[in-house]
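Have a look at upload.cif below; it lists mmCIF, C-alpha atoms.
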data_final
#
loop_
_atom_site.label_atom_id
_atom_site.label_comp_id
_atom_site.auth_asym_id
_atom_site.auth_seq_id
_atom_site.Cartn_x
_atom_site.Cartn_y
_atom_site.Cartn_z
CA MET A 27 78.47 113.20 94.06
CA SER A 28 81.94 112.76 92.61
CA THR A 29 84.94 111.95 94.76
CA SER A 30 88.64 111.99 93.94
CA THR A 31 88.32 108.35 92.78
CA THR A 32 84.91 108.46 91.06
CA ALA A 33 82.95 110.63 88.66
CA SER A 34 79.27 111.55 88.96
CA VAL A 35 76.48 112.01 86.42
CA SER A 36 73.24 113.98 86.23
CA THR A 37 70.87 114.78 83.38
CA HIS A 38 67.74 116.63 82.44
CA ILE A 39 65.49 116.65 79.36
CA LEU A 40 63.89 119.60 77.61
CA ASP A 41 61.21 118.86 75.03
CA THR A 42 62.06 121.55 72.49
CA SER A 43 58.86 120.90 70.51
CA ILE A 44 56.83 122.41 73.36
CA GLY A 45 59.51 124.38 75.20
CA ARG A 46 58.96 122.47 78.45
CA PRO A 47 60.72 119.83 80.56
CA ALA A 48 60.00 116.22 79.65
CA ALA A 49 58.59 114.56 82.77
CA GLY A 50 58.31 110.82 83.31
CA VAL A 51 61.04 109.66 80.91
CA ALA A 52 62.80 106.51 82.07
CA VAL A 53 66.60 106.87 82.17
CA HIS A 54 68.97 103.93 82.64
CA LEU A 55 72.63 104.26 83.58
CA SER A 56 75.40 101.85 82.60
CA ALA A 57 79.16 102.02 83.09
CA ARG A 58 82.31 100.20 82.06
CA HIS A 59 85.96 100.14 83.07
CA GLY A 60 87.70 100.64 79.71
CA ARG A 61 86.43 100.75 76.16
CA SER A 62 86.91 97.02 75.56
CA GLU A 63 85.01 96.00 78.70
CA ASP A 64 81.34 94.98 78.89
CA TRP A 65 78.68 97.44 80.03
CA ARG A 66 77.40 97.02 83.58
CA ALA A 67 73.85 98.19 84.26
CA LEU A 68 73.80 100.34 87.40
CA GLY A 69 70.11 101.17 87.61
CA GLY A 70 67.85 103.96 86.58
CA SER A 71 65.38 106.64 87.38
CA ALA A 72 62.77 108.78 85.67
CA THR A 73 62.68 112.49 85.03
CA ASP A 74 60.66 114.58 87.47
CA ALA A 75 58.24 117.43 86.65
CA ASP A 76 61.25 119.66 85.99
CA GLY A 77 62.71 117.09 83.55
CA ARG A 78 65.56 116.22 85.92
CA CYS A 79 66.93 112.89 87.15
CA LYS A 80 68.18 113.67 90.62
CA ASP A 81 68.69 110.12 91.88
CA LEU A 82 70.83 108.29 89.34
CA PRO A 83 73.06 105.60 90.86
CA GLU A 84 76.63 106.42 91.81
CA LEU A 85 79.38 105.36 89.44
CA PRO A 86 81.73 102.65 90.67
CA GLU A 87 85.39 103.38 91.15
CA GLY A 88 87.36 102.81 87.94
CA THR A 89 84.54 103.88 85.60
CA THR A 90 85.91 105.23 82.32
CA HIS A 91 82.78 105.26 80.14
CA VAL A 92 79.13 105.95 80.90
CA ARG A 93 75.97 105.32 78.89
CA LEU A 94 72.64 107.01 79.50
CA ASP A 95 69.66 105.33 77.83
CA PHE A 96 66.54 107.48 77.53
CA ALA A 97 63.24 105.68 76.75
CA VAL A 98 61.54 108.55 74.93
CA GLU A 99 58.90 106.72 72.88
CA PRO A 100 56.48 106.21 75.83
CA TYR A 101 56.83 109.90 76.69
CA PHE A 102 55.84 110.97 73.16
CA GLU A 103 53.03 108.39 73.01
CA GLU A 104 51.56 109.73 76.24
CA ARG A 105 51.93 113.32 75.08
CA SER A 106 50.25 112.45 71.76
CA ALA A 107 47.35 110.71 73.53
CA LYS A 108 46.83 113.76 75.76
CA LYS A 109 46.99 116.05 72.74
CA GLN A 110 44.36 113.95 70.94
CA ALA A 111 42.07 113.97 73.98
CA ASP A 112 42.41 117.75 74.24
CA ALA A 113 41.76 118.12 70.50
CA GLN A 114 38.46 116.24 70.78
CA GLN A 115 37.18 119.13 72.86
CA ASP A 116 38.23 121.69 70.22
CA ALA A 117 36.33 122.58 67.09
CA PRO A 118 36.72 119.97 64.31
CA ALA A 119 38.93 122.30 62.28
CA ASN A 120 41.53 122.26 65.06
CA ARG A 121 41.80 118.47 65.42
CA ASP A 122 44.94 116.61 64.46
CA SER A 123 44.73 113.92 61.81
CA GLY A 124 46.44 111.31 64.00
CA ALA A 125 49.30 110.48 66.34
CA GLN A 126 52.66 111.97 65.52
CA PRO A 127 55.25 109.22 64.95
CA VAL A 128 58.49 109.15 66.91
CA PHE A 129 61.58 108.75 64.77
CA PHE A 130 63.95 107.98 67.66
CA PRO A 131 62.15 105.67 70.15
CA GLU A 132 65.19 105.68 72.42
CA VAL A 133 68.31 107.77 72.78
CA ALA A 134 71.61 106.27 73.96
CA ILE A 135 74.39 108.68 74.90
CA THR A 136 77.87 107.33 75.62
CA PHE A 137 80.67 109.48 77.00
CA ALA A 138 84.07 109.19 78.68
CA VAL A 139 84.62 110.25 82.28
CA VAL A 140 87.55 110.85 84.61
CA PRO A 141 87.57 110.56 88.41
CA GLY A 142 86.75 113.66 90.38
CA GLU A 143 84.60 115.27 87.67
CA HIS A 144 80.84 115.80 87.56
CA TYR A 145 79.11 115.31 84.21
CA HIS A 146 75.76 116.96 83.60
CA VAL A 147 74.37 115.77 80.25
CA PRO A 148 71.24 117.64 79.12
CA LEU A 149 69.10 116.13 76.35
CA LEU A 150 67.26 118.54 74.06
CA LEU A 151 64.51 116.46 72.51
CA ASN A 152 61.76 116.56 69.89
CA PRO A 153 59.93 113.76 68.02
CA PHE A 154 62.35 113.88 65.08
CA GLY A 155 65.69 114.79 66.58
CA TYR A 156 67.80 115.41 69.65
CA SER A 157 70.93 117.16 70.80
CA VAL A 158 73.15 116.64 73.85
CA TYR A 159 76.03 118.49 75.37
CA ARG A 160 78.16 118.56 78.50
CA GLY A 161 76.44 121.03 80.78
CA SER A 162 77.53 122.43 84.10
#
Can the structure from this file be put into C-alpha cells for me?
Amino acid sequence: MSTSTTASVSTHILDTSIGRPAAGVAVHLSARHGRSEDWRALGGSATDADGRCKDLPELPEGTTHVRLDFAVEPYFEERSAKKQADAQQDAPANRDSGAQPVFFPEVAITFAVVPGEHYHVPLLLNPFGYSVYRGS
C-alpha cells in the first residue's frame, strides 16, 4: 500500500497465447533512489492461479525507480511439457513436433515512481513477445 512518502507496486500476467492467467511465474522486485544509484533487491513472489502477485515487498521511502523481473522461461517450459504429455494421449495426427522455444526467457520492466502513487503493471505475454502498460 502506498503512503504519502512511498509508492506501491502490483502486477499480474496474462498469457495471451492461451487467453489465461500465467500461474507460477517468479517475479522479483528491485528499487533504487535515483537513476545513477545501484539497484537494491527487495524480494519476490510468484503469480497465483489468477496470474497475480499480491504479496510483493513494500518499496522503501525515497524510491524513484522500480524494476520487475519476470522469470518466464520456466513457465513456458512447464506449459510445453504439459502440452506434450496431453498430446501423447491424442491421435498421432494431433501431436506437436516438439517443444516450442521461448524467445524471451525473462522480462525486465523498469519504470519511474513518485511517492503516494500505486503502480499496477500488467504483463501480456506469449512465447515470442510481450507488452506492458500502467494499469489501474
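For the residues A:Gly50, A:Pro141, A:Gly155, A:Pro131, ranking by smallest atom-to-atom distance to Asp76 in chain A using all atoms listed in the file places A:Gly50 first.
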- Query: At what distance in Å, to one decimal, does CA of Thr29 in chain A lie from CA of Phe96 in chain A?
  - Reply: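 Result for CA of Phe96 in chain A versus CA of Thr29 in chain A: 25.6 Å, one decimal.
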- Selection result of the PyMOL selection byres ((chain A and resi 87-94) around 10) on this file, as a count of residues only: 40
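Residues lying within 12 Å of Phe130 in chain A, counting all atoms listed in the file and ignoring same-chain neighbours fewer than 2 positions away, are A:Asp95, A:Phe96, A:Ala97, A:Val98, A:Glu99, A:Pro100, A:Tyr101, A:Phe102, A:Pro127, A:Val128, A:Glu132, A:Val133, A:Ala134, A:Leu151, A:Asn152, A:Pro153, A:Phe154, A:Gly155, A:Tyr156, A:Ser157.
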- Please, what distance in Å, to one decimal, runs between CA of Ile39 in chain A and CA of Arg105 in chain A? 14.6 Å
- Message: Just want the 12 Å neighbourhood of His38 in chain A, counted on all atoms listed in the file, with same-chain residues fewer than 3 positions away dropped. Output as a ChimeraX atom specification.
- Response: /A:35,41,46-53,71-82,94,96,145-151,158-162
Range 92-99 of chain A: axis-aligned bounding box, 8 Å on each side, centre and edge lengths in Å, one decimal, as lines of an AutoDock Vina configuration file:
center_x = 69.0
center_y = 106.9
center_z = 76.9
size_x = 36.2
size_y = 19.2
size_z = 24.0
- Go ahead and compute the interatomic distance for CA of Ala107 in chain A and CA of Leu40 in chain A, in Å to one decimal. 19.2 Å
